[in-house]
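Quick look at model.tsv (TSV, C-alpha atoms and all ligand atoms):
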chain	number	residue	atom	x	y	z
A	1177	MET	CA	-0.95	-21.57	-24.19
A	1178	LYS	CA	-4.49	-21.74	-22.81
A	1179	LYS	CA	-6.80	-19.39	-24.72
A	1180	LEU	CA	-9.90	-17.72	-23.33
A	1181	ARG	CA	-12.10	-20.35	-24.96
A	1182	ASP	CA	-10.02	-23.12	-23.31
A	1183	LEU	CA	-10.57	-21.54	-19.90
A	1184	GLN	CA	-14.29	-21.25	-20.59
A	1185	GLN	CA	-14.38	-24.89	-21.74
A	1186	MET	CA	-12.58	-25.92	-18.54
A	1187	LYS	CA	-15.33	-24.24	-16.50
A	1188	ASP	CA	-18.04	-25.84	-18.59
A	1189	ALA	CA	-16.40	-29.27	-18.22
A	1190	HIS	CA	-15.88	-28.76	-14.44
A	1191	GLU	CA	-12.12	-28.98	-14.89
A	1192	LYS	CA	-10.45	-26.80	-12.27
A	1193	ILE	CA	-8.26	-23.89	-13.39
A	1194	SER	CA	-4.93	-23.26	-11.62
A	1195	MET	CA	-3.42	-19.80	-11.35
A	1196	VAL	CA	-0.35	-18.52	-9.47
A	1197	THR	CA	1.16	-15.07	-9.26
A	1198	ALA	CA	4.61	-14.42	-10.71
A	1199	TYR	CA	6.50	-11.16	-10.79
A	1200	ASP	CA	9.77	-11.81	-12.57
A	1201	TYR	CA	11.53	-13.95	-15.17
A	1202	PRO	CA	12.62	-16.91	-12.97
A	1203	SER	CA	9.32	-17.27	-11.11
A	1204	ALA	CA	7.42	-17.07	-14.42
A	1205	LYS	CA	9.69	-19.79	-15.86
A	1206	GLN	CA	8.98	-22.00	-12.85
A	1207	VAL	CA	5.23	-21.49	-13.02
A	1208	GLU	CA	5.16	-22.26	-16.74
A	1209	ALA	CA	7.38	-25.34	-16.25
A	1210	ALA	CA	4.91	-26.56	-13.60
A	1211	GLY	CA	2.11	-26.44	-16.18
A	1212	ILE	CA	-0.05	-23.95	-14.24
A	1213	ASP	CA	-2.94	-22.73	-16.42
A	1214	MET	CA	-2.69	-18.99	-15.75
A	1215	ILE	CA	-0.23	-16.49	-14.29
A	1216	LEU	CA	-1.30	-13.36	-12.46
A	1217	VAL	CA	1.17	-10.50	-12.33
A	1218	GLY	CA	-0.59	-9.20	-9.25
A	1219	ASP	CA	-0.07	-5.79	-7.76
A	1220	SER	CA	0.69	-7.83	-4.62
A	1221	LEU	CA	4.20	-7.42	-6.04
A	1222	GLY	CA	4.15	-4.15	-4.09
A	1223	MET	CA	4.49	-6.14	-0.88
A	1224	THR	CA	6.14	-9.37	-2.07
A	1225	VAL	CA	9.00	-7.95	-4.14
A	1226	LEU	CA	9.06	-4.16	-3.63
A	1227	GLY	CA	8.63	-4.07	0.16
A	1228	TYR	CA	5.69	-1.65	0.24
A	1229	GLU	CA	3.08	-1.68	3.00
A	1230	SER	CA	0.19	-2.23	0.58
A	1231	THR	CA	-0.67	-2.34	-3.12
A	1232	VAL	CA	-1.59	1.36	-3.05
A	1233	GLU	CA	1.95	2.49	-3.86
A	1234	VAL	CA	2.29	0.34	-6.98
A	1235	THR	CA	2.46	2.29	-10.26
A	1236	LEU	CA	1.68	1.57	-13.90
A	1237	ASP	CA	5.43	1.55	-14.58
A	1238	ASP	CA	5.96	-1.09	-11.87
A	1239	MET	CA	3.32	-3.31	-13.48
A	1240	LEU	CA	4.81	-2.80	-16.93
A	1241	HIS	CA	8.33	-3.59	-15.75
A	1242	HIS	CA	7.27	-6.82	-14.01
A	1243	GLY	CA	4.67	-7.77	-16.61
A	1244	LYS	CA	7.26	-7.70	-19.38
A	1245	ALA	CA	9.68	-9.85	-17.36
A	1246	VAL	CA	6.96	-12.42	-16.67
A	1247	ARG	CA	5.98	-12.51	-20.36
A	1248	ARG	CA	9.62	-13.26	-21.25
A	1249	GLY	CA	9.76	-16.04	-18.65
A	1250	ALA	CA	6.41	-17.59	-19.58
A	1251	PRO	CA	5.80	-17.07	-23.29
A	1252	ASN	CA	3.33	-19.96	-23.40
A	1253	THR	CA	1.12	-19.25	-20.42
A	1254	PHE	CA	-2.01	-17.08	-20.22
A	1255	VAL	CA	-0.84	-13.98	-18.33
A	1256	VAL	CA	-3.11	-11.53	-16.53
A	1257	VAL	CA	-1.64	-8.20	-15.36
A	1258	ASP	CA	-3.23	-6.05	-12.64
A	1259	MET	CA	-4.18	-2.44	-13.31
A	1260	PRO	CA	-2.76	-0.80	-10.17
A	1261	PHE	CA	-4.33	1.68	-7.76
A	1262	GLY	CA	-5.35	5.00	-9.28
A	1263	THR	CA	-4.97	3.93	-12.90
A	1264	VAL	CA	-8.61	2.93	-13.37
A	1265	GLY	CA	-11.82	4.45	-11.99
A	1266	ILE	CA	-10.68	8.03	-12.69
A	1267	ASP	CA	-12.55	8.85	-15.90
A	1268	LEU	CA	-13.24	6.57	-18.81
A	1269	ALA	CA	-10.77	8.20	-21.21
A	1270	THR	CA	-7.89	8.04	-18.71
A	1271	ASP	CA	-8.81	4.50	-17.68
A	1272	LEU	CA	-8.79	3.30	-21.29
A	1273	LYS	CA	-5.53	5.10	-22.05
A	1274	ASN	CA	-3.87	3.37	-19.09
A	1275	ALA	CA	-5.35	0.01	-20.06
A	1276	LYS	CA	-4.13	0.41	-23.62
A	1277	VAL	CA	-0.56	1.17	-22.50
A	1278	LEU	CA	-0.46	-1.74	-20.04
A	1279	TYR	CA	-2.06	-4.27	-22.40
A	1280	GLN	CA	-0.05	-3.29	-25.45
A	1281	GLN	CA	3.35	-2.94	-23.77
A	1282	SER	CA	3.28	-5.77	-21.21
A	1283	GLY	CA	2.23	-8.47	-23.65
A	1284	ALA	CA	-0.49	-9.58	-21.21
A	1285	ASN	CA	-3.40	-11.71	-22.38
A	1286	ALA	CA	-5.79	-9.84	-20.08
A	1287	LEU	CA	-5.86	-7.08	-17.46
A	1288	LYS	CA	-7.47	-7.36	-14.02
A	1289	VAL	CA	-9.41	-4.60	-12.24
A	1290	GLU	CA	-10.79	-4.48	-8.70
A	1291	GLY	CA	-14.34	-3.55	-7.73
A	1292	GLY	CA	-17.93	-3.71	-8.89
A	1293	HIS	CA	-18.09	-0.06	-9.96
A	1294	LEU	CA	-16.09	-0.48	-13.18
A	1295	THR	CA	-18.71	-1.98	-15.48
A	1296	SER	CA	-18.57	0.90	-18.00
A	1297	PHE	CA	-14.81	0.55	-18.16
A	1298	ILE	CA	-15.07	-3.23	-18.61
A	1299	GLN	CA	-17.59	-2.72	-21.43
A	1300	GLN	CA	-15.46	-0.15	-23.25
A	1301	ALA	CA	-12.17	-1.99	-22.79
A	1302	THR	CA	-13.81	-5.17	-24.09
A	1303	TYR	CA	-15.16	-3.19	-27.03
A	1304	LEU	CA	-11.60	-2.02	-27.77
A	1305	GLY	CA	-10.41	-5.62	-27.66
A	1306	ILE	CA	-8.79	-5.71	-24.21
A	1307	PRO	CA	-9.90	-8.78	-22.22
A	1308	ILE	CA	-10.71	-7.84	-18.63
A	1309	VAL	CA	-10.74	-10.02	-15.51
A	1310	GLY	CA	-12.82	-8.65	-12.62
A	1311	HIS	CA	-11.85	-8.91	-8.95
A	1312	LEU	CA	-14.49	-8.80	-6.18
A	1313	GLY	CA	-14.72	-9.61	-2.49
A	1314	LEU	CA	-11.65	-8.44	-0.64
A	1315	THR	CA	-10.07	-5.96	-3.03
A	1316	PRO	CA	-6.65	-5.02	-1.62
A	1317	GLN	CA	-6.52	-1.63	-3.39
A	1318	SER	CA	-9.44	-0.55	-1.17
A	1319	VAL	CA	-7.89	-1.87	2.02
A	1320	GLY	CA	-7.86	1.64	3.49
A	1321	VAL	CA	-11.66	1.56	3.34
A	1322	MET	CA	-12.56	-2.13	3.80
A	1323	GLY	CA	-9.57	-3.53	5.76
A	1324	TYR	CA	-8.17	-7.03	5.26
A	1325	ARG	CA	-11.19	-9.10	6.22
A	1326	MET	CA	-13.68	-11.55	4.81
A	1327	GLN	CA	-16.31	-9.95	2.58
A	1328	GLY	CA	-19.93	-10.92	1.95
A	1329	ALA	CA	-20.46	-11.92	5.55
A	1330	THR	CA	-23.93	-10.35	5.95
A	1331	LYS	CA	-26.90	-11.16	3.75
A	1332	GLU	CA	-26.91	-7.60	2.34
A	1333	ASP	CA	-23.19	-7.78	1.51
A	1334	ALA	CA	-23.59	-11.25	0.04
A	1335	GLN	CA	-26.44	-10.05	-2.22
A	1336	LYS	CA	-24.33	-7.05	-3.30
A	1337	LEU	CA	-21.49	-9.39	-4.27
A	1338	ILE	CA	-23.87	-11.58	-6.27
A	1339	ASP	CA	-25.23	-8.49	-8.07
A	1340	ASP	CA	-21.73	-7.12	-8.71
A	1341	ALA	CA	-20.51	-10.46	-10.07
A	1342	GLN	CA	-23.44	-10.60	-12.47
A	1343	ALA	CA	-22.86	-7.01	-13.57
A	1344	VAL	CA	-19.13	-7.59	-14.13
A	1345	ALA	CA	-19.86	-10.72	-16.18
A	1346	GLN	CA	-22.57	-8.96	-18.19
A	1347	ALA	CA	-20.21	-6.06	-18.89
A	1348	GLY	CA	-18.00	-8.51	-20.74
A	1349	ALA	CA	-15.36	-9.63	-18.22
A	1350	VAL	CA	-13.65	-12.85	-19.30
A	1351	ALA	CA	-13.13	-14.18	-15.77
A	1352	LEU	CA	-13.59	-13.13	-12.16
A	1353	VAL	CA	-11.28	-13.38	-9.15
A	1354	LEU	CA	-13.19	-13.73	-5.90
A	1355	GLU	CA	-11.17	-13.11	-2.74
A	1356	ALA	CA	-11.90	-13.87	0.92
A	1357	VAL	CA	-15.61	-14.68	0.81
A	1358	PRO	CA	-17.63	-17.48	2.43
A	1359	SER	CA	-17.37	-20.67	0.40
A	1360	ASP	CA	-21.13	-21.17	-0.09
A	1361	LEU	CA	-21.42	-17.65	-1.51
A	1362	ALA	CA	-18.44	-18.23	-3.82
A	1363	GLN	CA	-19.92	-21.48	-5.05
A	1364	HIS	CA	-23.28	-19.81	-5.67
A	1365	ILE	CA	-21.65	-17.01	-7.70
A	1366	SER	CA	-19.58	-19.54	-9.68
A	1367	GLU	CA	-22.74	-21.44	-10.55
A	1368	GLN	CA	-24.71	-18.29	-11.37
A	1369	ILE	CA	-22.34	-16.58	-13.79
A	1370	GLU	CA	-21.05	-17.99	-17.05
A	1371	ILE	CA	-17.43	-16.87	-16.88
A	1372	PRO	CA	-14.72	-18.75	-14.92
A	1373	VAL	CA	-14.47	-17.73	-11.26
A	1374	ILE	CA	-11.01	-18.06	-9.71
A	1375	GLY	CA	-11.09	-18.10	-5.93
A	1376	ILE	CA	-8.58	-17.13	-3.28
A	1377	GLY	CA	-9.84	-17.74	0.22
A	1378	ALA	CA	-13.20	-18.62	-1.33
A	1379	GLY	CA	-13.35	-22.39	-0.79
A	1380	LYS	CA	-13.37	-25.20	-3.32
A	1381	GLY	CA	-16.66	-24.40	-5.06
A	1382	THR	CA	-15.10	-21.94	-7.52
A	1383	ASP	CA	-13.92	-22.87	-11.03
A	1384	GLY	CA	-10.28	-22.40	-10.11
A	1385	GLN	CA	-7.82	-21.26	-7.47
A	1386	VAL	CA	-5.10	-18.63	-7.29
A	1387	LEU	CA	-2.33	-18.29	-4.71
A	1388	VAL	CA	0.48	-15.78	-4.31
A	1389	TYR	CA	3.87	-17.32	-5.24
A	1390	HIS	CA	5.69	-15.91	-2.22
A	1391	ASP	CA	2.96	-17.07	0.19
A	1392	MET	CA	2.74	-20.62	-1.11
A	1393	LEU	CA	6.53	-21.03	-1.20
A	1394	ASN	CA	7.25	-19.23	2.09
A	1395	TYR	CA	9.56	-16.81	0.32
A	1396	GLY	CA	10.20	-13.63	2.31
A	1397	VAL	CA	6.79	-13.56	3.97
A	1398	GLU	CA	6.34	-13.02	7.70
A	1399	ARG	CA	2.75	-14.21	7.99
A	1400	THR	CA	0.09	-15.47	5.65
A	1401	ALA	CA	-3.71	-15.50	5.60
A	1402	LYS	CA	-5.73	-18.51	6.82
A	1403	PHE	CA	-6.41	-19.60	3.25
A	1404	VAL	CA	-2.75	-19.96	2.21
A	1405	LYS	CA	-1.33	-23.46	2.00
A	1406	GLN	CA	2.48	-23.56	1.86
A	1407	TYR	CA	3.68	-26.00	-0.80
A	1408	GLY	CA	7.38	-25.24	-0.45
A	1409	ASP	CA	9.87	-23.50	1.77
A	1410	PHE	CA	12.23	-21.00	0.22
A	1411	SER	CA	13.03	-19.48	3.62
A	1412	ASN	CA	16.09	-21.71	3.94
A	1413	GLY	CA	17.83	-19.25	1.61
A	1414	VAL	CA	18.83	-17.37	4.78
A	1415	ALA	CA	20.73	-20.38	6.13
A	1416	ALA	CA	22.50	-20.78	2.78
A	1417	LEU	CA	23.48	-17.10	2.70
A	1418	LYS	CA	24.73	-17.26	6.28
A	1419	GLN	CA	26.87	-20.29	5.41
A	1420	TYR	CA	28.30	-18.39	2.42
A	1421	GLY	CA	29.13	-15.39	4.65
A	1422	ASP	CA	30.89	-17.67	7.15
A	1423	ASP	CA	32.78	-19.47	4.35
A	1424	VAL	CA	34.08	-16.17	2.94
A	1425	LYS	CA	35.30	-15.10	6.40
A	1426	SER	CA	37.07	-18.42	6.97
A	1427	SER	CA	38.36	-18.68	3.35
A	1428	ALA	CA	36.55	-22.02	3.02
A	1429	PHE	CA	35.10	-20.44	-0.13
A	1430	PRO	CA	36.30	-20.48	-2.86
A	1431	SER	CA	37.98	-23.89	-2.64
A	1432	GLU	CA	39.92	-25.36	-5.61
A	1433	GLN	CA	36.73	-26.69	-7.13
A	1434	TYR	CA	35.54	-23.11	-7.69
A	1435	THR	CA	38.86	-21.68	-8.86
A	1436	TYR	CA	40.50	-21.40	-12.33
A	1437	GLN	CA	43.67	-23.46	-11.96
A	1438	LYS	CA	45.76	-22.08	-14.84
A	1439	GLN	CA	49.08	-20.68	-13.55
A	1440	ILE	CA	49.93	-17.47	-15.40
A	1441	MET	CA	52.02	-15.39	-13.06
A	1442	HIS	CA	55.35	-17.11	-13.79
A	1443	GLU	CA	54.90	-16.16	-17.48
A	1444	VAL	CA	54.15	-12.59	-16.49
A	1445	GLU	CA	57.25	-12.56	-14.25
A	1446	GLN	CA	59.41	-13.87	-17.16
A	1447	GLU	CA	58.25	-11.01	-19.37
A	1448	ARG	CA	59.46	-8.42	-16.86
A	1501	LIG	O1	-2.40	-8.96	-6.56
A	1501	LIG	C1	-2.67	-10.15	-6.36
A	1501	LIG	O2	-1.80	-11.00	-6.12
A	1501	LIG	C2	-4.07	-10.56	-6.40
A	1501	LIG	C3	-4.41	-11.91	-5.88
A	1501	LIG	C4	-4.46	-11.87	-4.40
A	1501	LIG	C5	-5.64	-12.44	-6.47
A	1501	LIG	O3	-4.91	-9.80	-6.82
Would you mind writing the file out in structure tokens?
Ligand code: KIV
Amino acid sequence: MKKLRDLQQMKDAHEKISMVTAYDYPSAKQVEAAGIDMILVGDSLGMTVLGYESTVEVTLDDMLHHGKAVRRGAPNTFVVVDMPFGTVGIDLATDLKNAKVLYQQSGANALKVEGGHLTSFIQQATYLGIPIVGHLGLTPQSVGVMGYRMQGATKEDAQKLIDDAQAVAQAGAVALVLEAVPSDLAQHISEQIEIPVIGIGAGKGTDGQVLVYHDMLNYGVERTAKFVKQYGDFSNGVAALKQYGDDVKSSAFPSEQYTYQKQIMHEVEQER
């Protein structure tokens, strides 16, 4: 498993870091088998596997449930679990209590929090021994306020992102996710701060990249953002299921190949 110091060394050596989301045992197994450096149990699971409209409905219990499954599927990969909406940014004591539960019970290697306003929390959690990954730029938990659009597009917003990134790093964050920002800004931030910066929709100048499993494999998604490249196509599951339904109706399934052939009924009849 990659350790924090390995990830830092990768940044320092300009070796790119790969990260993919996973939400359950089989997807975690696949991501680990593919040799991806880091797994994110993102609260995007609200949309990808729970069918919610946004990440806002995701609970601490949801993250625990999925985080534990991912840990079982990928015991040898660095796993980051999201702190969901409303579990951090309340008051420091509550935030730390939630972080402790999620970190201790999920088996995560680090927790991720959204926004530049959580530096005190990052400091205290780090002090307690919980590694924290920051998340700036488009932060989906605030979509009700900021919408789903590129961030850092004016010089004031860009400067605020630079300041926030520095503050998050100084507070002790072990890495930073930067979402939907102009690529020159993302590259600048990656060069300015010491910790690894993992981009999504942030161009190639960051220290690594993260994509959402369901987006990149076209698995149950209707549309994807401009920055998503599809590396596979799991949508053909529908055709397979339709074929199965037709085969059941026509009795083409199960054929002999899928049937236990032992004849038992004549023995039962003899007993009667
Ligand atoms: O929840 C998630 O999947 C994320 C990624 C978009 C970075 O936070």
10 Å from ligand LIG 1501 (chain A) is the threshold here; counting all atoms listed in the file, which polymer residues fall inside it? Answer as number ranges by chain.
A: 1195-1199, 1215-1224, 1231, 1257-1260, 1288-1290, 1310-1312, 1314-1317, 1352-1356, 1374-1377, 1385-1391
Distance criterion (only C-alpha atoms): nearest to A:Asn1285 out of A:Gln1299, A:Asn1252, A:Gln1185, A:Ser1318: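 Checking each candidate against A:Asn1285, we get A:Asn1252 as the closest.
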Of the listed residues A:Phe1429, A:Phe1261, A:Phe1297, A:Phe1410, that which approaches A:Lys1273 most closely, counting all atoms listed in the file: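 Nearest candidate to A:Lys1273 out of A:Phe1429, A:Phe1261, A:Phe1297, A:Phe1410: A:Phe1297.
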Could you tell me how far atom CA of A:His1242 sits from atom CA of A:Leu1278, in Å to one decimal place?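 These two atoms are separated by 11.0 Å.
Excluding stretch 1329-1336 of chain A itself and any same-chain residue fewer than 6 positions from it, the protein and nucleic acid residues within 8 Å of it, counting only C-alpha atoms, are Val1357, Pro1358 and Leu1361 of chain A.
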Given the selection you just returned, output its residues as a file containing C-alpha atoms, formatted as a compact mmCIF listing (two decimals), in the frame of the given file.
# COMPACT_ATOMS: atom_id res chain seq x y z
CA VAL A 1357 -15.61 -14.68 0.81
CA PRO A 1358 -17.63 -17.48 2.43
CA LEU A 1361 -21.42 -17.65 -1.51
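Relative to atom CA of A:Val1350, atom CA of A:Val1225 is found at 27.7 Å.
Minimum distance to A:Val1234 across A:Arg1181, A:Gly1262, A:Gly1348, A:Thr1435 (counting all atoms listed in the file) occurs at A:Gly1262.
Of the residues under consideration (A:Tyr1201, A:Leu1226, A:Leu1268, A:Lys1438), A:Tyr1201 shows the shortest atom-to-atom contact distance to A:Lys1244 when counting only C-alpha atoms.
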Kindly provide, as a ChimeraX atom specification, the polymer residues lying within 12 Å of (-1.1, -6.2, -22.2), counting only C-alpha atoms and using the coordinates exactly as they appear in the file. /A:1217,1236,1239-1244,1246-1247,1254-1259,1274-1288,1301,1305-1308
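Taking atom CA of A:Gln1346 and atom CA of A:Val1309 as the two end points, the separation is 12.2 Å.
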Nearest to A:Gly1384, restricted to all atoms listed in the file and choosing among A:Glu1398, A:Ala1351, A:Gly1227, A:Lys1178, comes out as A:Ala1351
- What lies within 9 Å of stretch 1363-1372 of chain A using only C-alpha atoms, ignoring chain neighbours under 6 positions off, as an MDAnalysis selection string? chainID A and resid 1183:1184 1186:1188 1193 1337:1338 1341:1342 1345:1346 1349:1353 1378:1384
